[in-house]
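run.csv (CSV, C-alpha atoms) appears below.
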```csv
chain,number,residue,atom,x,y,z
O,1,MET,CA,10.3,29.9,20.6
O,2,LEU,CA,7.7,31.2,18.1
O,3,LEU,CA,7.0,29.4,14.9
O,4,PRO,CA,4.8,31.0,12.2
O,5,HIS,CA,3.1,27.7,11.2
O,6,LEU,CA,1.8,24.6,12.8
O,7,LEU,CA,0.5,21.1,12.5
O,8,LEU,CA,-2.1,20.0,15.0
O,9,LEU,CA,-3.0,16.3,15.0
O,10,HIS,CA,-6.6,15.5,14.4
O,11,HIS,CA,-7.3,12.0,13.0
O,12,HIS,CA,-7.4,12.0,9.3
O,13,HIS,CA,-4.6,9.9,7.8
O,14,LEU,CA,-2.8,6.8,8.8
O,15,PHE,CA,0.7,6.5,7.6
O,16,THR,CA,2.1,3.0,7.4
O,17,ARG,CA,5.4,1.2,7.4
O,18,HIS,CA,6.0,-2.5,7.7
O,19,SER,CA,8.3,-4.1,10.3
O,20,PRO,CA,9.8,-7.5,9.9
O,21,ASP,CA,7.2,-9.2,12.0
O,22,ASP,CA,4.5,-8.1,9.6
O,23,LYS,CA,3.1,-5.4,11.9
O,24,THR,CA,2.4,-2.0,10.6
O,25,LEU,CA,3.6,1.2,12.4
O,26,LEU,CA,1.2,4.0,12.0
O,27,ILE,CA,1.5,7.7,12.7
O,28,HIS,CA,-1.6,9.9,12.9
O,29,VAL,CA,-0.8,13.1,11.1
O,30,ARG,CA,-4.1,14.8,11.5
O,31,HIS,CA,-5.9,17.6,9.8
O,32,ILE,CA,-4.6,21.2,10.0
O,33,THR,CA,-6.8,23.1,12.4
O,34,LEU,CA,-7.2,26.6,11.2
O,35,LEU,CA,-7.1,28.5,14.4
O,36,ARG,CA,-5.8,32.0,14.8
O,37,HIS,CA,-4.4,31.9,18.3
O,38,ARG,CA,-1.3,30.6,20.1
O,39,ILE,CA,-0.9,27.4,22.0
O,40,HIS,CA,1.6,26.8,24.8
O,41,CYS,CA,3.4,23.4,24.8
O,42,PRO,CA,6.0,22.4,27.4
O,43,LEU,CA,8.9,23.3,25.0
O,44,ILE,CA,7.5,25.5,22.3
O,45,LEU,CA,5.0,28.3,21.5
O,46,ILE,CA,3.2,27.5,18.3
O,47,TYR,CA,1.2,29.9,16.1
O,48,ILE,CA,-1.4,28.2,14.0
O,49,SER,CA,-1.8,29.7,10.5
O,50,LEU,CA,-0.7,27.0,8.1
O,51,PHE,CA,-3.0,27.0,5.1
O,52,ALA,CA,-5.1,29.7,6.7
O,53,LYS,CA,-5.1,32.0,3.7
O,54,ASP,CA,-5.5,30.0,0.5
O,55,ASP,CA,-5.0,26.4,1.4
O,56,VAL,CA,-1.5,26.4,-0.2
O,57,LEU,CA,1.8,26.2,1.4
O,58,ARG,CA,4.5,28.0,-0.6
O,59,ASN,CA,8.2,27.1,-0.7
O,60,ALA,CA,9.2,30.0,1.6
O,61,GLU,CA,6.5,28.9,4.1
O,62,LEU,CA,7.6,25.3,3.9
O,63,GLU,CA,11.2,26.4,4.6
O,64,ASP,CA,9.9,28.4,7.5
O,65,LEU,CA,8.0,25.5,8.9
O,66,PHE,CA,11.1,23.3,9.0
O,67,SER,CA,13.4,26.0,10.1
O,68,THR,CA,13.8,24.4,13.5
O,69,ALA,CA,14.7,21.0,11.9
O,70,PRO,CA,18.3,20.1,10.9
O,71,GLU,CA,17.1,20.2,7.3
O,72,SER,CA,14.0,20.3,5.2
O,73,PRO,CA,13.1,16.5,4.9
O,74,TRP,CA,11.4,16.8,1.5
O,75,ASP,CA,14.2,18.5,-0.6
O,76,GLU,CA,15.6,15.3,-2.0
O,77,ALA,CA,14.4,12.1,-3.6
O,78,PRO,CA,12.1,10.2,-3.0
O,79,TYR,CA,10.0,13.0,-1.5
O,80,LYS,CA,10.9,16.0,-3.8
O,81,ASP,CA,8.8,15.0,-6.8
O,82,ALA,CA,6.4,12.6,-5.1
O,83,VAL,CA,3.3,14.7,-4.7
O,84,GLN,CA,1.1,17.0,-6.6
O,85,ARG,CA,2.1,20.7,-6.5
O,86,THR,CA,0.6,24.0,-7.7
O,87,PRO,CA,1.8,25.6,-10.8
O,88,LEU,CA,4.1,27.8,-8.7
O,89,GLY,CA,5.5,24.8,-6.8
O,90,GLY,CA,3.4,25.2,-3.6
O,91,LEU,CA,1.8,22.3,-1.6
O,92,SER,CA,-1.9,21.9,-1.3
O,93,LEU,CA,-3.3,20.4,2.0
O,94,SER,CA,-3.6,17.0,0.4
O,95,GLY,CA,-0.1,17.2,-1.0
O,96,PHE,CA,1.3,18.2,2.4
O,97,LEU,CA,-0.4,15.3,4.1
O,98,SER,CA,0.7,13.0,1.3
O,99,GLU,CA,4.3,14.0,1.9
O,100,TRP,CA,3.9,13.1,5.6
O,101,ALA,CA,2.3,9.8,4.6
O,102,LEU,CA,5.3,8.8,2.4
O,103,MET,CA,7.9,9.9,4.9
O,104,THR,CA,6.2,7.8,7.6
O,105,LEU,CA,5.9,4.9,5.3
O,106,LEU,CA,9.6,4.9,4.5
O,107,ASP,CA,11.1,6.2,7.7
O,108,PRO,CA,8.7,6.5,10.7
O,109,VAL,CA,11.5,7.5,13.0
O,110,LYS,CA,12.4,10.5,10.8
O,111,SER,CA,8.7,11.4,10.5
O,112,LEU,CA,8.2,11.4,14.3
O,113,ALA,CA,11.4,13.4,14.7
O,114,ASN,CA,10.2,16.1,12.3
O,115,LEU,CA,6.9,16.3,14.1
O,116,ILE,CA,8.8,17.1,17.2
O,117,TYR,CA,11.1,19.6,15.4
O,118,ILE,CA,8.2,21.6,14.1
O,119,GLY,CA,6.5,21.8,17.5
O,120,TYR,CA,4.5,18.6,18.2
O,121,ASN,CA,6.3,17.7,21.4
O,122,CYS,CA,3.4,17.8,23.9
O,123,ASN,CA,3.1,14.0,23.7
O,124,ALA,CA,4.9,12.7,20.6
O,125,ALA,CA,4.3,9.1,21.5
O,126,SER,CA,0.6,9.5,21.0
O,127,ALA,CA,1.2,10.0,17.3
O,128,LEU,CA,2.2,6.3,17.0
O,129,ASN,CA,0.0,3.3,16.7
O,130,ILE,CA,0.3,-0.4,15.7
O,131,THR,CA,-2.1,-2.1,13.3
O,132,ARG,CA,-2.7,-5.8,13.0
O,133,ARG,CA,-0.7,-8.0,10.6
O,134,ARG,CA,-1.7,-8.1,6.9
O,135,SER,CA,-2.0,-11.9,7.2
O,136,ILE,CA,-4.7,-11.3,9.8
O,137,ASP,CA,-6.4,-8.8,7.5
O,138,ARG,CA,-6.6,-11.6,4.8
O,139,LYS,CA,-8.2,-14.0,7.3
O,140,ARG,CA,-10.7,-11.5,8.4
O,141,GLN,CA,-11.3,-10.3,4.8
O,142,GLN,CA,-11.0,-6.7,5.7
O,143,THR,CA,-8.4,-4.1,6.7
O,144,GLU,CA,-8.3,-1.0,9.0
O,145,ARG,CA,-5.6,0.8,6.9
O,146,ASP,CA,-6.2,4.2,5.3
O,147,VAL,CA,-2.8,4.3,3.5
O,148,PHE,CA,-2.0,1.7,0.9
O,149,GLN,CA,1.2,0.9,-0.9
O,150,CYS,CA,1.1,-0.5,-4.4
O,151,PHE,CA,4.1,-2.0,-6.1
O,152,VAL,CA,4.2,-1.2,-9.8
O,153,PHE,CA,6.0,-3.9,-11.9
O,154,GLY,CA,6.4,-4.2,-15.7
O,155,PRO,CA,8.8,-4.4,-18.5
O,156,LYS,CA,10.6,-1.4,-20.0
O,157,LYS,CA,8.5,1.0,-22.1
O,158,ALA,CA,5.3,-0.5,-20.7
O,159,GLY,CA,4.0,2.9,-19.4
O,160,LYS,CA,4.7,2.5,-15.6
O,161,SER,CA,6.1,6.0,-15.1
O,162,ALA,CA,3.3,7.6,-17.1
O,163,LEU,CA,0.8,5.9,-14.9
O,164,LEU,CA,2.6,7.2,-11.8
O,165,MET,CA,2.6,10.7,-13.1
O,166,SER,CA,-1.2,10.5,-13.9
O,167,LEU,CA,-1.8,9.9,-10.2
O,168,LEU,CA,-0.4,13.4,-9.6
O,169,GLY,CA,-2.4,14.9,-12.5
O,170,ARG,CA,0.7,15.6,-14.5
O,171,PRO,CA,0.4,15.8,-18.3
O,172,PHE,CA,1.4,13.0,-20.6
O,173,SER,CA,4.8,13.3,-22.3
O,174,ASP,CA,5.9,11.4,-25.5
O,175,ASN,CA,9.5,11.7,-24.4
O,176,TYR,CA,10.7,8.4,-23.1
O,177,VAL,CA,13.0,8.5,-20.1
O,178,PRO,CA,14.1,5.1,-18.7
O,179,THR,CA,13.6,4.6,-15.0
O,180,THR,CA,16.9,3.5,-13.5
O,181,SER,CA,15.9,3.5,-9.8
O,182,GLU,CA,12.8,3.1,-7.7
O,183,GLN,CA,10.5,6.1,-7.6
O,184,TYR,CA,7.4,7.0,-5.5
O,185,VAL,CA,4.3,9.0,-5.9
O,186,VAL,CA,1.5,9.5,-3.4
O,187,ASN,CA,-1.9,11.2,-3.5
O,188,VAL,CA,-5.3,11.1,-1.9
O,189,VAL,CA,-7.9,9.2,-3.9
O,190,GLU,CA,-11.6,9.7,-3.3
O,191,GLN,CA,-13.6,6.5,-3.2
O,192,HIS,CA,-17.3,5.8,-3.2
O,193,ALA,CA,-19.5,7.5,-0.6
O,194,GLY,CA,-16.8,10.3,-0.3
O,195,LYS,CA,-14.3,8.1,1.5
O,196,LYS,CA,-10.7,9.2,1.0
O,197,LYS,CA,-7.7,6.9,1.0
O,198,THR,CA,-4.0,7.6,0.5
O,199,LEU,CA,-2.4,5.6,-2.3
O,200,VAL,CA,1.4,5.2,-2.6
O,201,LEU,CA,2.7,3.9,-6.0
O,202,ARG,CA,6.2,2.5,-5.9
O,203,GLU,CA,7.7,1.9,-9.3
O,204,ILE,CA,10.1,-1.1,-9.5
O,205,PRO,CA,12.3,-0.9,-12.6
O,206,GLU,CA,12.4,-4.1,-14.5
O,207,ASP,CA,16.2,-4.5,-13.8
O,208,GLY,CA,15.5,-4.0,-10.1
O,209,VAL,CA,13.0,-6.8,-9.6
O,210,LYS,CA,15.6,-9.6,-9.0
O,211,LYS,CA,17.3,-7.5,-6.4
O,212,LEU,CA,14.0,-6.7,-4.7
O,213,LEU,CA,12.9,-10.3,-4.5
O,214,SER,CA,16.3,-11.4,-3.2
O,215,ASN,CA,15.0,-9.9,0.1
O,216,LYS,CA,12.6,-12.4,1.5
O,217,GLU,CA,10.7,-9.7,3.4
O,218,SER,CA,10.5,-7.3,0.4
O,219,LEU,CA,6.8,-8.0,-0.3
O,220,ALA,CA,5.8,-7.6,3.4
O,221,VAL,CA,5.0,-3.9,2.9
O,222,CYS,CA,3.0,-4.4,-0.2
O,223,ASP,CA,-0.8,-4.0,0.0
O,224,VAL,CA,-1.5,-4.6,-3.7
O,225,ALA,CA,0.7,-5.1,-6.8
O,226,ILE,CA,0.1,-4.2,-10.4
O,227,PHE,CA,1.8,-5.4,-13.5
O,228,VAL,CA,1.8,-2.9,-16.4
O,229,TYR,CA,2.3,-3.9,-20.0
O,230,ASP,CA,2.0,-2.3,-23.4
O,231,SER,CA,-1.2,-3.6,-24.8
O,232,SER,CA,0.1,-3.3,-28.3
O,233,SER,CA,3.1,-5.5,-27.7
O,234,LYS,CA,3.1,-9.3,-27.4
O,235,TYR,CA,6.5,-9.3,-25.8
O,236,SER,CA,5.4,-6.8,-23.2
O,237,LEU,CA,2.5,-8.9,-22.1
O,238,ARG,CA,4.6,-12.0,-21.9
O,239,ARG,CA,7.3,-10.3,-19.8
O,240,ALA,CA,4.6,-8.8,-17.5
O,241,SER,CA,3.2,-12.3,-17.0
O,242,GLU,CA,6.7,-13.6,-16.1
O,243,LEU,CA,7.1,-10.9,-13.5
O,244,LEU,CA,3.7,-11.7,-12.1
O,245,LEU,CA,4.6,-15.3,-11.8
O,246,ASP,CA,7.9,-14.5,-10.1
O,247,VAL,CA,6.2,-12.2,-7.5
O,248,THR,CA,3.4,-14.8,-7.0
O,249,LYS,CA,5.9,-17.5,-6.2
O,250,GLN,CA,7.8,-15.2,-3.8
O,251,GLY,CA,4.6,-14.4,-2.0
O,252,GLU,CA,3.6,-18.0,-1.7
O,253,GLU,CA,7.0,-19.0,-0.4
O,254,THR,CA,7.3,-16.2,2.1
O,255,GLY,CA,3.7,-15.9,3.2
O,256,PHE,CA,3.5,-12.3,1.9
O,257,SER,CA,0.9,-12.8,-0.9
O,258,MET,CA,-1.1,-9.8,-1.9
O,259,PRO,CA,-3.9,-8.9,-4.5
O,260,CYS,CA,-2.5,-8.5,-8.0
O,261,LEU,CA,-3.9,-6.8,-11.1
O,262,LEU,CA,-2.8,-6.6,-14.7
O,263,VAL,CA,-2.9,-3.1,-16.3
O,264,ALA,CA,-3.0,-3.0,-20.1
O,265,ALA,CA,-1.5,0.4,-20.8
O,266,LYS,CA,-1.4,2.4,-24.1
O,267,HIS,CA,-4.9,1.3,-24.9
O,268,ASP,CA,-5.0,4.1,-27.6
O,269,LEU,CA,-2.7,1.9,-29.7
O,270,ASP,CA,-3.9,-1.0,-31.8
O,271,SER,CA,-3.5,-4.3,-29.9
O,272,TYR,CA,-2.2,-7.4,-31.7
O,273,PRO,CA,-4.8,-9.9,-32.8
O,274,THR,CA,-4.6,-12.4,-29.9
O,275,ALA,CA,-4.0,-9.9,-27.1
O,276,MET,CA,-7.4,-10.2,-25.4
O,277,GLU,CA,-7.3,-14.0,-25.6
O,278,GLU,CA,-3.8,-14.3,-24.2
O,279,SER,CA,-4.3,-11.8,-21.4
O,280,ALA,CA,-7.6,-13.5,-20.4
O,281,LYS,CA,-5.9,-16.9,-20.3
O,282,ILE,CA,-3.1,-15.6,-18.1
O,283,CYS,CA,-5.6,-14.1,-15.6
O,284,GLN,CA,-7.7,-17.2,-15.6
O,285,GLY,CA,-4.8,-19.5,-15.1
O,286,ILE,CA,-3.5,-17.6,-12.0
O,287,GLY,CA,-6.9,-16.6,-10.6
O,288,ILE,CA,-7.1,-12.8,-10.9
O,289,ASP,CA,-9.4,-10.3,-12.6
O,290,GLU,CA,-9.0,-9.5,-16.3
O,291,PRO,CA,-6.7,-6.6,-17.2
O,292,ILE,CA,-7.6,-3.0,-16.6
O,293,HIS,CA,-7.3,-1.1,-19.9
O,294,VAL,CA,-6.0,2.5,-19.6
O,295,SER,CA,-4.7,5.2,-21.9
O,296,VAL,CA,-2.7,7.8,-20.0
O,297,LYS,CA,-2.2,9.7,-23.3
O,298,GLU,CA,-5.9,10.1,-23.8
O,299,ARG,CA,-6.6,10.6,-20.1
O,300,ASP,CA,-8.7,7.5,-20.0
O,301,LEU,CA,-7.7,5.9,-16.7
O,302,ASN,CA,-10.7,3.7,-16.3
O,303,ASN,CA,-10.9,4.3,-12.6
O,304,VAL,CA,-7.7,2.4,-12.2
O,305,PHE,CA,-6.7,3.9,-8.9
O,306,SER,CA,-10.0,3.3,-7.3
O,307,LYS,CA,-9.8,-0.3,-8.5
O,308,LEU,CA,-6.4,-0.6,-6.9
O,309,LEU,CA,-7.7,0.6,-3.6
O,310,ASN,CA,-10.7,-1.6,-3.8
O,311,ALA,CA,-8.3,-4.6,-4.3
O,312,ALA,CA,-6.2,-3.5,-1.3
O,313,GLU,CA,-9.2,-3.1,0.9
O,314,ASN,CA,-10.2,-6.7,0.1
O,315,PRO,CA,-6.9,-8.5,0.8
O,316,HIS,CA,-8.5,-11.9,0.4
O,317,LEU,CA,-9.5,-11.4,-3.2
O,318,SER,CA,-7.6,-11.2,-6.5
O,319,VAL,CA,-4.7,-13.1,-4.9
O,320,PRO,CA,-2.9,-15.1,-7.6
O,321,GLU,CA,-1.9,-18.7,-7.1
O,322,THR,CA,0.5,-20.9,-9.0
O,323,ASP,CA,-0.1,-24.7,-9.4
O,324,ALA,CA,2.5,-25.4,-6.8
O,325,GLY,CA,0.8,-22.9,-4.4
O,326,ARG,CA,-2.6,-24.6,-5.0
O,327,ASN,CA,-1.1,-28.0,-4.3
O,328,ARG,CA,0.5,-26.8,-1.1
O,329,LYS,CA,-2.8,-25.2,0.0
O,330,TRP,CA,-4.7,-28.4,-0.8
O,331,TYR,CA,-2.2,-30.5,1.1
O,332,ARG,CA,-2.5,-28.2,4.2
O,333,GLN,CA,-6.3,-28.5,4.0
O,334,LEU,CA,-6.0,-32.2,3.8
O,335,ILE,CA,-3.7,-32.5,6.8
O,336,SER,CA,-6.0,-30.1,8.7
O,337,ARG,CA,-9.1,-32.2,7.9
O,338,SER,CA,-7.2,-35.4,8.8
O,339,LEU,CA,-6.2,-34.0,12.2
O,340,ILE,CA,-9.8,-32.9,12.8
O,341,PHE,CA,-11.0,-36.4,11.9
O,342,VAL,CA,-8.4,-38.0,14.3
O,343,SER,CA,-9.4,-35.6,17.1
O,344,VAL,CA,-13.1,-36.3,16.6
O,345,GLY,CA,-12.4,-40.1,16.5
O,346,ALA,CA,-10.4,-39.9,19.6
O,347,ALA,CA,-13.0,-37.9,21.4
O,348,THR,CA,-15.7,-40.3,20.3
O,349,ALA,CA,-13.7,-43.3,21.5
O,350,PHE,CA,-13.1,-41.6,24.9
O,351,VAL,CA,-16.8,-40.8,25.3
O,352,GLY,CA,-17.8,-44.3,24.4
O,353,MET,CA,-15.3,-45.8,26.9
O,354,ALA,CA,-16.6,-43.5,29.6
O,355,ALA,CA,-20.2,-44.6,28.8
O,356,TYR,CA,-19.3,-48.3,28.9
O,357,ARG,CA,-17.5,-47.9,32.2
O,358,ALA,CA,-20.5,-46.1,33.7
O,359,TYR,CA,-22.8,-48.8,32.4
O,360,ALA,CA,-20.6,-51.6,33.8
O,361,ALA,CA,-20.3,-49.9,37.2
O,362,ARG,CA,-24.1,-49.5,37.3
O,363,LYS,CA,-24.6,-53.2,36.4
O,364,ASN,CA,-22.2,-54.4,39.0
O,365,SER,CA,-23.8,-52.4,41.7
O,366,ALA,CA,-27.3,-53.7,40.7
O,367,SER,CA,-26.1,-57.3,40.9
```
Can you present the structure in this file as structure tokens?
Amino acid sequence: MLLPHLLLLHHHHLFTRHSPDDKTLLIHVRHITLLRHRIHCPLILIYISLFAKDDVLRNAELEDLFSTAPESPWDEAPYKDAVQRTPLGGLSLSGFLSEWALMTLLDPVKSLANLIYIGYNCNAASALNITRRRSIDRKRQQTERDVFQCFVFGPKKAGKSALLMSLLGRPFSDNYVPTTSEQYVVNVVEQHAGKKKTLVLREIPEDGVKKLLSNKESLAVCDVAIFVYDSSSKYSLRRASELLLDVTKQGEETGFSMPCLLVAAKHDLDSYPTAMEESAKICQGIGIDEPIHVSVKERDLNNVFSKLLNAAENPHLSVPETDAGRNRKWYRQLISRSLIFVSVGAATAFVGMAAYRAYAARKNSAS
């Protein structure tokens, strides 16, 4: 079988999805190798020319790529509008890789199946890998991930969707359209020293938070969470702080705590008189950084996406704690220290007894 396009795997991106035991399934969808010859695999003949002309994959070419699959996997939500596209609807290389990242995050089996459908069947199992648990990342104070999922919480009309669209470079719109279901966007973000990480934003509608948190493992897949509020609205800040508290409690109870940040959206509007004082008090009380102020309308994003990634890459920092959580932590530390004290005391007594017996035996033999 001859295909006009191909993916070759060459390590570039790690795509993640969480499993119940807090391990992460990774799939390496690697950079497109722009070769102009044919390769023979056991089941398929592949012609490599994807992105060879202008680094853009057009709709017709995308359909051709997935012509051997049962259907094109990105025609429906949540993939259809999740990545940045060209004015004519084509996919750039980063957009193409971002689609694979999102599909693997949400459905790794489907992602692997589509790799096989389009021709990567020489050794499909080599595309999978397992990373360590996020709880271990926190203990080691570092992570090996390249793809990070950020949950976006906030009250209605806070500016969550506008922030998501800004990750894709889409223009701001004054038309308010309520978000009734979860939506995803994903893009590659360049960090310091030229490092590139893939950021997935998952918007959780305010009405969907209770349902999300009813699943005790819902936060297991979250690397970092942000709580967006309208900086001109006192109610919006209060509601965002309530959502932050709910998520923090859930994380403490389930063991799936993560770094959290407040994002003060609509910074182009006049804030109410006590806004700065109240937001600072909230952050100080729960132990996280002060809010990141952004204005999507004026395109002043204040490096918010880089800051999100920095928080995700340092999973031991910016983790909120409630008073109850601090008390539990203190109690565990106290028990741990008590056990260490008892162990050291027992060991000391054992050594002392052994020394006394040795001394007594020596004295008896001398007499």
Distance of atom CA of Pro155 of chain O from atom CA of Asp174 of chain O, expressed in Å to one decimal place: 17.5 Å
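Counting from atom CA of Gln149 of chain O, the distance to atom CA of Val185 of chain O is 10.0 Å.
Nearest to Ile116 of chain O of all the residues O:Pro70, O:Gly251, O:Gly95, O:Gly285 is O:Pro70, based on only C-alpha atoms.
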Kindly assemble as a Markdown table a list of the segment 96-211 of chain O residues that lie within 7 Å of segment 226-244 of chain O, each paired with its nearest atom pair and their distance in Å to one decimal, using all atoms listed in the file, sorted first by chain and then by ascending residue number.
```
| residue | atom | partner | partner_atom | distance |
| --- | --- | --- | --- | --- |
| O:Phe151 | CA | O:Ile226 | CA | 6.3 |
| O:Val152 | CA | O:Ile226 | CA | 5.1 |
| O:Phe153 | CA | O:Phe227 | CA | 4.7 |
| O:Gly154 | CA | O:Val228 | CA | 4.8 |
| O:Pro155 | CA | O:Ala240 | CA | 6.2 |
| O:Ala158 | CA | O:Tyr229 | CA | 4.6 |
| O:Gly159 | CA | O:Asp230 | CA | 6.9 |
| O:Lys160 | CA | O:Val228 | CA | 6.2 |
```
Separation of atom CA of Leu163 of chain O from atom CA of Asp146 of chain O, in Å and rounded to one decimal: 21.4 Å
Pro73 of chain O environment, 12 Å, all atoms listed in the file, sequence neighbours closer than 4 positions dropped, as an MDAnalysis selection string: chainID O and resid 62:63 65:69 77:80 99:100 102:104 107 110:115 117:118
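Closest approach to Gly90 of chain O from the set O:Asp75, O:Glu144, O:Glu61, O:Asp137 is made by O:Glu61, with distances taken over only C-alpha atoms.
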Contact residues around segment 300-311 of chain O with all atoms listed in the file at 8 Å, ignoring same-chain residues under 4 positions, as a list in words: Phe148, Cys150, Leu167, Val189, Glu190, Gln191, Lys197, Leu199, Val224, Pro259, Cys260, Leu261, Ile292, His293, Val294, Ser295, Val296, Pro315, Leu317 and Ser318 of chain O
